[in-house]
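K.L.:
Have a peek at coords_25.tsv (TSV, C-alpha atoms).
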```tsv
chain	number	residue	atom	x	y	z
O	1	MET	CA	-14.81	24.23	7.57
O	2	ASN	CA	-13.17	20.83	7.54
O	3	LYS	CA	-9.64	19.61	7.25
O	4	ILE	CA	-8.15	17.00	4.99
O	5	LEU	CA	-4.57	15.84	4.93
O	6	ILE	CA	-3.32	15.64	1.35
O	7	MET	CA	-0.27	13.43	0.99
O	8	GLU	CA	2.27	12.98	-1.73
O	9	ASN	CA	3.45	9.49	-2.66
O	10	ARG	CA	6.89	9.11	-4.15
O	11	ALA	CA	8.63	5.74	-4.46
O	12	ASN	CA	6.14	4.35	-1.92
O	13	GLU	CA	7.32	6.91	0.63
O	14	ILE	CA	4.30	8.83	1.87
O	15	LYS	CA	5.18	12.28	3.11
O	16	ALA	CA	2.53	14.40	4.73
O	17	ILE	CA	1.88	17.92	3.57
O	18	PRO	CA	0.52	20.16	6.36
O	19	PRO	CA	-3.28	20.09	6.82
O	20	ILE	CA	-5.17	22.23	4.34
O	21	THR	CA	-8.35	24.03	5.31
O	22	LEU	CA	-11.04	23.27	2.76
O	23	ALA	CA	-14.67	24.12	2.32
O	24	PRO	CA	-17.09	22.35	-0.01
O	25	ALA	CA	-17.65	23.87	-3.44
O	26	ILE	CA	-14.78	26.35	-3.26
O	27	ASP	CA	-11.25	26.49	-4.61
O	28	SER	CA	-9.34	23.87	-2.61
O	29	ARG	CA	-5.83	24.14	-3.99
O	30	PRO	CA	-2.98	23.42	-1.56
O	31	LEU	CA	-1.74	26.44	0.33
O	32	GLY	CA	1.37	27.63	2.16
O	33	ARG	CA	4.14	25.13	2.68
O	34	SER	CA	2.78	22.67	0.12
O	35	PHE	CA	3.43	25.28	-2.58
O	36	LEU	CA	6.95	25.73	-1.22
O	37	LYS	CA	7.59	21.98	-1.41
O	38	LYS	CA	6.31	21.87	-4.99
O	39	TRP	CA	8.52	24.83	-5.91
O	40	ILE	CA	11.58	23.21	-4.36
O	41	LYS	CA	10.94	20.01	-6.33
O	42	LYS	CA	10.93	22.02	-9.55
O	43	VAL	CA	14.38	23.42	-8.89
O	44	PRO	CA	16.61	22.04	-11.70
O	45	TYR	CA	19.03	20.24	-9.39
O	46	PHE	CA	16.50	18.88	-6.91
O	47	PRO	CA	16.16	15.39	-8.51
O	48	ALA	CA	19.93	14.95	-8.52
O	49	ILE	CA	20.27	16.18	-4.93
O	50	ASP	CA	17.45	13.91	-3.73
O	51	TYR	CA	18.98	10.99	-5.64
O	52	LEU	CA	22.32	11.65	-3.94
O	53	ARG	CA	20.59	11.79	-0.55
O	54	ARG	CA	19.03	8.37	-1.09
O	55	ARG	CA	22.27	6.91	-2.39
O	56	ILE	CA	24.10	8.03	0.75
O	57	TYR	CA	21.34	7.12	3.21
O	58	ASP	CA	20.87	3.69	1.63
O	59	SER	CA	24.60	2.95	1.62
O	60	PRO	CA	26.14	0.52	4.16
O	61	LEU	CA	27.33	3.53	6.17
O	62	PHE	CA	23.94	3.85	7.83
O	63	ASP	CA	23.01	0.17	8.18
O	64	SER	CA	23.95	0.19	11.87
O	65	SER	CA	21.14	2.66	12.55
O	66	VAL	CA	18.44	0.25	11.36
O	67	ARG	CA	20.00	-3.16	12.09
O	68	PRO	CA	18.81	-3.36	15.76
O	69	LEU	CA	15.20	-2.71	14.70
O	70	ALA	CA	15.48	-5.21	11.85
O	71	GLN	CA	16.79	-7.86	14.25
O	72	THR	CA	13.84	-7.23	16.56
O	73	LEU	CA	11.39	-7.58	13.67
O	74	GLU	CA	13.03	-10.86	12.66
O	75	GLU	CA	11.62	-12.42	15.83
O	76	TRP	CA	7.96	-11.94	14.86
O	77	PRO	CA	6.12	-10.23	11.98
O	78	GLY	CA	4.76	-6.90	13.20
O	79	ALA	CA	2.12	-7.05	10.47
O	80	LEU	CA	0.27	-9.79	8.63
O	81	LEU	CA	-1.06	-9.12	5.13
O	82	ILE	CA	-3.71	-11.70	4.33
O	83	ASP	CA	-4.81	-12.08	0.74
O	84	ILE	CA	-8.26	-13.42	1.63
O	85	THR	CA	-8.99	-13.67	-2.08
O	86	ASN	CA	-7.00	-12.69	-5.15
O	87	ARG	CA	-10.17	-12.32	-7.19
O	88	CYS	CA	-10.98	-8.75	-8.16
O	89	ASN	CA	-14.03	-7.25	-9.82
O	90	ALA	CA	-12.00	-4.30	-11.17
O	91	LYS	CA	-9.81	-4.67	-14.23
O	92	CYS	CA	-7.49	-1.71	-13.75
O	93	VAL	CA	-5.38	-1.12	-16.84
O	94	TRP	CA	-2.20	-0.73	-14.73
O	95	CYS	CA	-2.70	-3.94	-12.76
O	96	PRO	CA	-1.74	-7.48	-13.90
O	97	ASN	CA	-4.43	-9.11	-11.70
O	98	PRO	CA	-6.60	-10.09	-14.71
O	99	ASP	CA	-3.75	-12.35	-15.85
O	100	LEU	CA	-3.91	-14.49	-12.70
O	101	THR	CA	-4.88	-18.13	-13.19
O	102	ASN	CA	-4.43	-19.52	-9.66
O	103	VAL	CA	-7.39	-17.75	-8.08
O	104	GLY	CA	-9.50	-18.56	-5.04
O	105	ALA	CA	-10.53	-17.56	-1.52
O	106	MET	CA	-9.09	-18.63	1.82
O	107	ASP	CA	-10.80	-21.58	3.48
O	108	MET	CA	-12.32	-20.57	6.83
O	109	SER	CA	-10.59	-23.35	8.77
O	110	LEU	CA	-7.22	-22.20	7.43
O	111	TYR	CA	-8.11	-18.61	8.30
O	112	HIS	CA	-8.92	-19.64	11.88
O	113	LYS	CA	-5.62	-21.49	12.15
O	114	ILE	CA	-3.65	-18.44	10.99
O	115	ILE	CA	-5.53	-15.97	13.21
O	116	ASP	CA	-5.27	-18.26	16.25
O	117	ASP	CA	-1.54	-18.52	15.67
O	118	TYR	CA	-1.09	-14.76	15.24
O	119	GLY	CA	-3.44	-13.79	18.07
O	120	LEU	CA	-1.99	-16.23	20.59
O	121	GLY	CA	1.52	-15.15	19.62
O	122	ASP	CA	2.70	-11.56	19.83
O	123	GLY	CA	-0.04	-10.34	17.50
O	124	GLY	CA	0.33	-7.04	15.65
O	125	VAL	CA	-1.33	-5.38	12.68
O	126	LEU	CA	-3.64	-7.31	10.34
O	127	THR	CA	-4.40	-6.13	6.81
O	128	PHE	CA	-6.99	-7.65	4.48
O	129	GLY	CA	-6.29	-7.20	0.79
O	130	THR	CA	-3.07	-7.39	-1.13
O	131	PHE	CA	-3.61	-8.80	-4.61
O	132	GLY	CA	-7.41	-8.97	-4.85
O	133	GLU	CA	-10.59	-7.32	-3.56
O	134	PRO	CA	-11.21	-8.63	-0.01
O	135	LEU	CA	-14.81	-7.41	0.23
O	136	MET	CA	-15.74	-9.87	-2.53
O	137	ASP	CA	-15.34	-12.58	0.12
O	138	LYS	CA	-18.74	-13.69	1.41
O	139	HIS	CA	-17.28	-14.52	4.83
O	140	MET	CA	-15.76	-11.09	5.52
O	141	LYS	CA	-18.17	-10.24	8.36
O	142	GLU	CA	-17.38	-13.50	10.10
O	143	ARG	CA	-13.65	-13.01	9.54
O	144	ILE	CA	-13.71	-9.55	11.11
O	145	GLU	CA	-15.83	-10.66	14.06
O	146	TYR	CA	-13.48	-13.57	14.75
O	147	LEU	CA	-10.65	-11.13	15.44
O	148	LYS	CA	-12.27	-9.82	18.63
O	149	LYS	CA	-11.05	-12.99	20.36
O	150	TYR	CA	-7.51	-11.65	20.15
O	151	PRO	CA	-6.75	-8.20	21.61
O	152	LYS	CA	-3.09	-8.65	20.63
O	153	ILE	CA	-4.23	-8.10	17.05
O	154	HIS	CA	-4.48	-4.44	17.94
O	155	LYS	CA	-4.99	-2.88	14.52
O	156	VAL	CA	-7.02	-4.11	11.55
O	157	GLU	CA	-7.36	-2.53	8.13
O	158	ILE	CA	-8.89	-3.32	4.75
O	159	LEU	CA	-7.57	-2.27	1.35
O	160	THR	CA	-10.56	-2.04	-1.00
O	161	ASN	CA	-11.66	-0.53	-4.30
O	162	GLY	CA	-14.97	0.49	-2.71
O	163	PHE	CA	-17.34	-1.43	-4.98
O	164	PHE	CA	-18.56	-3.70	-2.16
O	165	LEU	CA	-18.20	-1.11	0.62
O	166	ASN	CA	-21.95	-1.06	1.21
O	167	ASP	CA	-24.55	-1.44	3.97
O	168	ASN	CA	-23.87	-5.17	4.21
O	169	ILE	CA	-20.36	-4.65	5.60
O	170	VAL	CA	-20.00	-1.01	6.71
O	171	PRO	CA	-21.70	-1.46	10.15
O	172	THR	CA	-19.34	-4.38	10.91
O	173	ILE	CA	-16.30	-2.37	9.82
O	174	ILE	CA	-17.21	0.61	12.00
O	175	GLU	CA	-18.32	-1.47	15.01
O	176	HIS	CA	-15.01	-3.36	15.06
O	177	GLY	CA	-12.80	-0.35	14.37
O	178	VAL	CA	-11.42	-1.57	11.04
O	179	GLY	CA	-9.46	1.08	9.14
O	180	VAL	CA	-10.44	1.48	5.50
O	181	ASP	CA	-7.87	2.22	2.79
O	182	ILE	CA	-9.69	2.89	-0.50
O	183	SER	CA	-8.02	2.65	-3.91
O	184	LEU	CA	-10.37	5.04	-5.64
O	185	ASP	CA	-8.11	6.45	-8.36
O	186	GLU	CA	-10.04	8.39	-11.00
O	187	LEU	CA	-12.79	10.83	-9.97
O	188	ASP	CA	-14.09	11.51	-13.47
O	189	LYS	CA	-16.84	9.01	-14.35
O	190	LYS	CA	-15.77	8.34	-17.94
O	191	THR	CA	-12.07	8.03	-17.15
O	192	PHE	CA	-12.82	5.88	-14.09
O	193	GLU	CA	-14.91	3.40	-16.07
O	194	ASP	CA	-12.41	3.37	-18.95
O	195	VAL	CA	-9.42	2.46	-16.77
O	196	LYS	CA	-11.05	0.42	-13.96
O	197	LYS	CA	-13.82	-1.34	-15.89
O	198	MET	CA	-16.46	-1.05	-13.16
O	199	SER	CA	-19.35	1.24	-12.24
O	200	PHE	CA	-18.32	4.69	-11.04
O	201	ASP	CA	-21.78	5.44	-9.65
O	202	ILE	CA	-21.76	2.42	-7.34
O	203	VAL	CA	-18.30	3.21	-6.02
O	204	ARG	CA	-19.10	6.90	-5.60
O	205	ASP	CA	-22.33	6.25	-3.69
O	206	ASN	CA	-20.65	3.63	-1.49
O	207	ILE	CA	-17.82	5.98	-0.54
O	208	VAL	CA	-20.11	8.92	0.15
O	209	ASN	CA	-22.48	6.79	2.25
O	210	PHE	CA	-19.57	5.21	4.14
O	211	LEU	CA	-17.97	8.57	4.93
O	212	GLU	CA	-21.29	9.91	6.17
O	213	ALA	CA	-21.91	6.85	8.35
O	214	ASN	CA	-18.37	7.00	9.70
O	215	SER	CA	-18.66	10.71	10.56
O	216	LYS	CA	-21.79	9.96	12.60
O	217	ALA	CA	-20.20	7.04	14.46
O	218	MET	CA	-19.25	7.38	18.12
O	219	ASN	CA	-15.82	5.99	17.27
O	220	PRO	CA	-15.04	6.72	13.61
O	221	VAL	CA	-12.51	4.47	11.92
O	222	PRO	CA	-9.42	5.83	10.14
O	223	VAL	CA	-9.93	6.30	6.41
O	224	ASN	CA	-7.40	6.82	3.65
O	225	ILE	CA	-8.29	7.37	0.00
O	226	ARG	CA	-5.76	6.78	-2.77
O	227	ILE	CA	-6.20	8.72	-5.98
O	228	LYS	CA	-3.87	8.26	-8.92
O	229	THR	CA	-5.24	9.98	-11.94
O	230	MET	CA	-4.58	10.64	-15.60
O	231	LYS	CA	-5.96	14.12	-14.93
O	232	THR	CA	-3.87	16.88	-13.42
O	233	VAL	CA	-3.91	17.46	-9.67
O	234	GLU	CA	-5.62	20.80	-10.30
O	235	GLU	CA	-8.39	19.15	-12.35
O	236	THR	CA	-8.87	16.50	-9.66
O	237	LEU	CA	-9.24	19.09	-6.91
O	238	GLU	CA	-12.17	20.57	-8.82
O	239	GLN	CA	-14.06	17.26	-9.11
O	240	GLU	CA	-17.34	17.06	-7.19
O	241	LEU	CA	-16.40	13.79	-5.49
O	242	PHE	CA	-13.09	15.24	-4.29
O	243	LYS	CA	-14.94	18.14	-2.67
O	244	ILE	CA	-17.28	15.68	-0.93
O	245	ILE	CA	-14.34	13.59	0.27
O	246	SER	CA	-12.54	16.71	1.51
O	247	SER	CA	-15.52	17.64	3.70
O	248	HIS	CA	-14.91	14.49	5.78
O	249	ASP	CA	-12.14	13.47	8.14
O	250	CYS	CA	-9.85	11.31	6.03
O	251	SER	CA	-6.41	11.41	4.46
O	252	VAL	CA	-5.85	11.43	0.72
O	253	VAL	CA	-2.88	10.25	-1.35
O	254	LEU	CA	-3.17	12.17	-4.61
O	255	ASN	CA	-0.93	11.80	-7.65
O	256	SER	CA	-1.13	12.43	-11.35
O	257	ILE	CA	-0.09	9.28	-13.18
O	258	ASP	CA	3.30	9.24	-14.84
O	259	ASP	CA	5.96	6.57	-15.29
O	260	ASN	CA	7.25	7.31	-11.79
O	261	ILE	CA	3.88	6.47	-10.17
O	262	ILE	CA	2.88	3.27	-11.97
O	263	SER	CA	4.68	0.17	-10.65
O	264	ASN	CA	5.84	-2.72	-12.80
O	265	TRP	CA	4.78	-5.37	-10.26
O	266	ALA	CA	8.22	-6.99	-10.19
O	267	GLY	CA	8.37	-7.01	-13.98
O	268	LYS	CA	4.87	-8.46	-14.52
O	269	LEU	CA	3.48	-5.25	-16.01
O	270	ASP	CA	4.92	-4.01	-19.29
O	271	LYS	CA	5.18	-0.37	-18.25
O	272	GLU	CA	6.62	0.82	-21.53
O	273	ALA	CA	3.68	-0.62	-23.48
O	274	PHE	CA	1.22	0.79	-20.94
O	275	ILE	CA	2.77	4.26	-21.05
O	276	LYS	CA	2.74	4.25	-24.84
O	277	GLU	CA	-0.85	2.97	-25.16
O	278	TYR	CA	-2.33	5.46	-22.69
O	279	LYS	CA	0.00	8.34	-23.60
O	280	ILE	CA	1.22	8.65	-20.01
O	281	PRO	CA	3.65	11.53	-19.41
O	282	SER	CA	7.21	10.44	-18.82
O	283	THR	CA	9.33	11.94	-16.10
O	284	ASN	CA	12.87	13.06	-16.74
O	285	GLU	CA	14.61	10.16	-18.51
O	286	THR	CA	17.49	9.97	-16.06
O	287	ARG	CA	18.66	7.72	-13.28
O	288	PHE	CA	17.42	10.32	-10.82
O	289	THR	CA	13.74	9.29	-10.83
O	290	HIS	CA	12.57	7.27	-7.83
O	291	LYS	CA	11.34	4.26	-9.77
O	292	ARG	CA	14.59	3.97	-11.70
O	293	PHE	CA	16.57	4.29	-8.50
O	294	ASN	CA	14.42	1.56	-6.95
O	295	GLN	CA	15.39	-0.74	-9.80
O	296	THR	CA	19.09	-0.23	-9.12
O	297	ASN	CA	19.12	0.20	-5.34
O	298	ILE	CA	20.96	-2.71	-3.66
O	299	ALA	CA	20.13	-1.76	-0.08
O	300	PRO	CA	18.18	-4.43	1.88
O	301	CYS	CA	14.48	-4.25	1.01
O	302	THR	CA	12.03	-3.30	3.76
O	303	GLN	CA	9.62	-6.07	2.67
O	304	LEU	CA	11.55	-8.88	4.37
O	305	TRP	CA	11.15	-7.27	7.79
O	306	LYS	CA	8.05	-5.08	7.54
O	307	TRP	CA	5.37	-7.79	7.25
O	308	MET	CA	4.43	-11.33	6.32
O	309	VAL	CA	2.40	-11.66	3.12
O	310	VAL	CA	-0.01	-14.62	3.07
O	311	TYR	CA	-1.55	-15.82	-0.19
O	312	TRP	CA	-5.17	-17.00	-0.24
O	313	ASP	CA	-4.10	-20.65	-0.25
O	314	GLY	CA	-1.96	-20.27	2.89
O	315	SER	CA	1.38	-20.01	1.14
O	316	VAL	CA	3.65	-17.21	2.31
O	317	VAL	CA	5.24	-15.15	-0.44
O	318	LEU	CA	8.30	-12.97	-0.24
O	319	CYS	CA	6.63	-9.59	-0.59
O	320	CYS	CA	3.55	-7.57	-1.54
O	321	ALA	CA	4.77	-7.31	-5.14
O	322	ASP	CA	4.56	-11.09	-5.61
O	323	MET	CA	1.05	-11.20	-7.07
O	324	PHE	CA	1.81	-14.39	-9.00
O	325	SER	CA	3.36	-16.19	-5.98
O	326	GLN	CA	6.72	-16.66	-7.68
O	327	SER	CA	8.75	-16.72	-4.43
O	328	VAL	CA	6.99	-18.96	-1.90
O	329	ILE	CA	8.89	-19.06	1.40
O	330	GLY	CA	6.56	-21.26	3.42
O	331	ASP	CA	3.07	-22.67	3.92
O	332	LEU	CA	0.84	-21.83	6.89
O	333	LYS	CA	-1.32	-24.88	6.23
O	334	SER	CA	1.46	-27.05	7.62
O	335	ASN	CA	3.73	-24.61	9.47
O	336	SER	CA	3.32	-21.94	12.11
O	337	ILE	CA	3.92	-18.24	11.54
O	338	ALA	CA	7.10	-18.38	13.65
O	339	GLU	CA	8.42	-21.40	11.74
O	340	VAL	CA	8.07	-19.61	8.41
O	341	TRP	CA	9.18	-16.17	9.62
O	342	ASN	CA	12.27	-17.62	11.28
O	343	GLY	CA	12.77	-20.45	8.80
O	344	SER	CA	15.95	-21.12	6.89
O	345	TYR	CA	14.53	-19.77	3.61
O	346	MET	CA	13.61	-16.41	5.09
O	347	LYS	CA	16.88	-16.18	7.00
O	348	ASN	CA	18.82	-16.85	3.82
O	349	MET	CA	16.85	-14.21	1.93
O	350	ARG	CA	17.51	-11.62	4.64
O	351	GLU	CA	21.19	-12.52	4.76
O	352	GLN	CA	21.37	-12.14	0.99
O	353	MET	CA	19.76	-8.71	1.25
O	354	VAL	CA	22.05	-7.58	4.05
O	355	LYS	CA	25.03	-8.58	1.91
O	356	ARG	CA	23.49	-6.44	-0.86
O	357	LYS	CA	22.94	-9.35	-3.21
O	358	ARG	CA	19.42	-8.29	-4.10
O	359	PHE	CA	19.79	-9.12	-7.78
O	360	GLU	CA	20.46	-12.77	-7.00
O	361	VAL	CA	16.81	-13.00	-5.91
O	362	PRO	CA	14.81	-13.56	-9.15
O	363	ILE	CA	11.68	-11.59	-8.20
O	364	CYS	CA	13.82	-8.62	-7.12
O	365	GLN	CA	15.76	-8.28	-10.37
O	366	ASP	CA	13.37	-5.88	-12.10
O	367	CYS	CA	11.28	-4.61	-9.20
O	368	ASP	CA	10.63	-0.88	-8.96
O	369	ILE	CA	8.70	-1.17	-5.69
O	370	HIS	CA	11.95	-1.94	-3.85
O	371	LEU	CA	12.39	0.33	-0.85
O	372	SER	CA	15.31	0.39	1.56
O	373	TRP	CA	14.98	-1.15	5.04
O	374	HIS	CA	15.69	2.28	6.54
O	375	ASN	CA	11.99	2.96	5.95
O	376	LEU	CA	11.15	0.48	8.74
O	377	ASN	CA	11.58	3.45	11.08
O	378	GLU	CA	8.51	4.98	9.44
O	379	TYR	CA	6.34	2.16	10.83
O	380	TYR	CA	7.92	0.71	13.97
O	381	ASP	CA	9.48	2.05	17.13
O	382	SER	CA	12.78	0.69	18.47
O	383	SER	CA	10.98	-2.15	20.28
O	384	GLY	CA	9.30	-3.31	17.07
O	385	LYS	CA	5.85	-1.97	17.99
O	386	PHE	CA	3.78	-0.32	15.28
O	387	LEU	CA	3.86	3.46	15.72
O	388	LYS	CA	0.68	4.68	17.41
O	389	ASP	CA	0.37	7.79	15.27
O	390	LYS	CA	0.65	5.82	12.01
O	391	LYS	CA	-2.80	5.21	10.54
O	392	PHE	CA	-2.02	2.51	7.99
O	393	ILE	CA	0.72	-0.10	7.56
O	394	MET	CA	0.02	-0.09	3.81
O	395	GLY	CA	1.16	3.52	3.53
```
Could I get this structure in the form of structure tokens?
P.N.:
Amino acid sequence: MNKILIMENRANEIKAIPPITLAPAIDSRPLGRSFLKKWIKKVPYFPAIDYLRRRIYDSPLFDSSVRPLAQTLEEWPGALLIDITNRCNAKCVWCPNPDLTNVGAMDMSLYHKIIDDYGLGDGGVLTFGTFGEPLMDKHMKERIEYLKKYPKIHKVEILTNGFFLNDNIVPTIIEHGVGVDISLDELDKKTFEDVKKMSFDIVRDNIVNFLEANSKAMNPVPVNIRIKTMKTVEETLEQELFKIISSHDCSVVLNSIDDNIISNWAGKLDKEAFIKEYKIPSTNETRFTHKRFNQTNIAPCTQLWKWMVVYWDGSVVLCCADMFSQSVIGDLKSNSIAEVWNGSYMKNMREQMVKRKRFEVPICQDCDIHLSWHNLNEYYDSSGKFLKDKKFIMG
């Protein structure tokens, strides 16, 4: 018998459901408290109550509880998200990546400059992959190996779609303790290939082989698998690949796709057209849904304190929703990390957020990924150190 932690993702808040004991090839539906949580969420007034909770918690009344941590994180970015390349082999129907025109991969000399700066500074968490598929980069082995020079970069993770997660890179990933966060999504072959436009068989075999290699390793790396599906949760739990995944030590974020799961990428994805074309179920058409609340919430956004997002060309963008680099706040080709993170532009943006003037920032005006800065407590302790029991900063 093995255990898998199934998680539920709502408004980018990942909340763990207690571990579920699973065995391959048997009914693996959630048990116990997970059923209770699902039942509670179906209570007629639950959405309104939860909406009220967020409204109160995200009001200025509670800003004093997070302000000291935010001020600490303003000194140095606790995490660095590096978009090694914004090229992607997948063409997911809910992602605007195929519309990108300014595409490329980070020059190795620029990469060394950034890593030297981060590693010689206070260091922190490093994540590969934000807007593209990082394992497409032919220098990924070298990039990972370079990090061993800097113990202050104490946690490294890769966000990947799994297509290139093969024998060429897996030994390097495991040897260097790199966490792997896989955007798998659909588990049904036909649906997978319809919505992601790449080979299901290659991805499936890569994931299975990687999980087996990781389970045999002396020091297995943390693994998270994201599944958002047009199938029901119950149908997904019965898929063969899900049962294989559940026999290994990894966490899973599992959601059926509806209009409260798909993000609009700061207005770059026409969600209404997408929902209509693919006949996606709509959640209750009220202000109470998380995504709609995110679009109206004026609390300071966690993005301006949580991490620094670096585009492939060295420019620093405002947040992880800025796939098209609309809000460039600095350039690491000519400036240091500290100069950008503590620069006048970033300070002005944070001040604007603290004053609850979010909608004066163009990229924030229609963003449904917005999440209050109170969620910084989910990732950092009071000293600004990444929580030891947190597996992934991208959660």
K.L.:
Could you tell me how far CA of Lys271 (chain O) lies from CA of Trp94 (chain O), in Å and to one decimal?
P.N.:
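Separating CA of Lys271 (chain O) from CA of Trp94 (chain O) is a distance of 8.2 Å.
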K.L.:
What separation in Å, quoted to one decimal, exists between CA of Pro77 (chain O) and CA of Thr160 (chain O)?
P.N.:
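Computed distance, CA of Pro77 (chain O) to CA of Thr160 (chain O), equals 22.7 Å.
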K.L.:
For CA of Leu100 (chain O) and CA of Phe324 (chain O), determine how far apart the two atoms are, in Å to one decimal place.
P.N.:
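So the two atoms, CA of Leu100 (chain O) and CA of Phe324 (chain O), lie 6.8 Å apart.
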K.L.:
Can you tell me, as a VMD selection string, what residues are no more than 12 Å from Ala70 (chain O) when counting all atoms listed in the file, ignoring any on the same chain fewer than 4 positions away?
P.N.:
chain O and resid 63 to 66 74 to 78 300 to 307 350 to 351 353 to 354 372 to 377 379 to 385
K.L.:
May I ask which of the residues O:Leu135, O:Ala321, O:Ala338, O:Ile153 is the closest one to Ile369 (chain O), counting only C-alpha atoms?
P.N.:
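Among the listed residues, the smallest separation from Ile369 (chain O) belongs to O:Ala321.
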K.L.:
Enclose all atoms of region 365-369 of chain O listed in the file in an axis-aligned box, grow every side by 3 Å, and hand back centre and edge lengths in Å to one decimal, as AutoDock Vina command-line options.
P.N.:
```
--center_x 12.2 --center_y -4.6 --center_z -8.9 --size_x 13.1 --size_y 13.4 --size_z 12.4
```
K.L.:
With distances taken over only C-alpha atoms, which residue among O:Tyr57, O:Tyr150, O:Trp341, O:Phe210 lies nearest Pro171 (chain O)?
P.N.:
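Nearest to Pro171 (chain O): O:Phe210.
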K.L.:
Which residues of region 233-280 of chain O have any atom within 12 Å of an atom in region 172-183 of chain O when counting all atoms listed in the file, and what is the closest pair of atoms for each, with the distance in Å to one decimal? Order the rows by chain and rising number and write it as a Markdown table.
P.N.:
```
| residue | atom | partner | partner_atom | distance |
| --- | --- | --- | --- | --- |
| O:Ile245 | CA | O:Ile182 | CA | 11.7 |
| O:Cys250 | CA | O:Asp181 | CA | 9.9 |
| O:Ser251 | CA | O:Asp181 | CA | 9.5 |
| O:Val252 | CA | O:Ile182 | CA | 9.4 |
| O:Val253 | CA | O:Ser183 | CA | 9.5 |
| O:Leu254 | CA | O:Ser183 | CA | 10.7 |
```
K.L.:
For Phe192 (chain O), which of O:Glu234, O:Lys291, O:Thr229, O:Asp368 is the closest residue, counting only C-alpha atoms?
P.N.:
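Of the candidates, the smallest distance to Phe192 (chain O) is held by O:Thr229.
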K.L.:
Quick one: residues within 10 Å of His139 (chain O), all atoms listed in the file, excluding same-chain residues fewer than 4 positions away - as a PyMOL selection string?
P.N.:
chain O and resi 84+105-108+134-135+143-144
K.L.:
Taking all atoms listed in the file into account, which of O:Glu277, O:Ile298, O:Arg292, O:Gln71 comes nearest Lys347 (chain O)?
P.N.:
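Among the listed residues, the smallest separation from Lys347 (chain O) belongs to O:Gln71.
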K.L.:
Generate the missing atoms of region 321-333 of chain O up to N, CA and C atoms and report them as a CSV table (one decimal), in the frame of the given file.
P.N.:
```
chain,number,residue,atom,x,y,z
O,321,ALA,N,4.7,-7.4,-3.7
O,321,ALA,CA,4.8,-7.3,-5.1
O,321,ALA,C,4.6,-8.7,-5.8
O,322,ASP,N,4.6,-9.7,-5.0
O,322,ASP,CA,4.6,-11.1,-5.6
O,322,ASP,C,3.1,-11.6,-5.9
O,323,MET,N,2.4,-10.9,-6.8
O,323,MET,CA,1.0,-11.2,-7.1
O,323,MET,C,0.9,-12.6,-7.6
O,324,PHE,N,1.9,-13.1,-8.3
O,324,PHE,CA,1.8,-14.4,-9.0
O,324,PHE,C,2.5,-15.5,-8.2
O,325,SER,N,2.7,-15.2,-6.9
O,325,SER,CA,3.4,-16.2,-6.0
O,325,SER,C,4.6,-16.9,-6.6
O,326,GLN,N,5.5,-16.1,-7.1
O,326,GLN,CA,6.7,-16.7,-7.7
O,326,GLN,C,7.7,-17.1,-6.6
O,327,SER,N,7.7,-16.4,-5.5
O,327,SER,CA,8.8,-16.7,-4.4
O,327,SER,C,8.1,-17.2,-3.1
O,328,VAL,N,7.7,-18.4,-3.1
O,328,VAL,CA,7.0,-19.0,-1.9
O,328,VAL,C,8.0,-19.3,-0.9
O,329,ILE,N,7.9,-18.8,0.4
O,329,ILE,CA,8.9,-19.1,1.4
O,329,ILE,C,8.4,-20.0,2.5
O,330,GLY,N,7.1,-20.4,2.4
O,330,GLY,CA,6.6,-21.3,3.4
O,330,GLY,C,5.1,-21.5,3.2
O,331,ASP,N,4.5,-22.3,4.1
O,331,ASP,CA,3.1,-22.7,3.9
O,331,ASP,C,2.4,-22.7,5.3
O,332,LEU,N,1.5,-21.9,5.6
O,332,LEU,CA,0.8,-21.8,6.9
O,332,LEU,C,-0.2,-22.9,7.1
O,333,LYS,N,-0.5,-23.7,6.0
O,333,LYS,CA,-1.3,-24.9,6.2
O,333,LYS,C,-0.6,-25.9,7.1
```
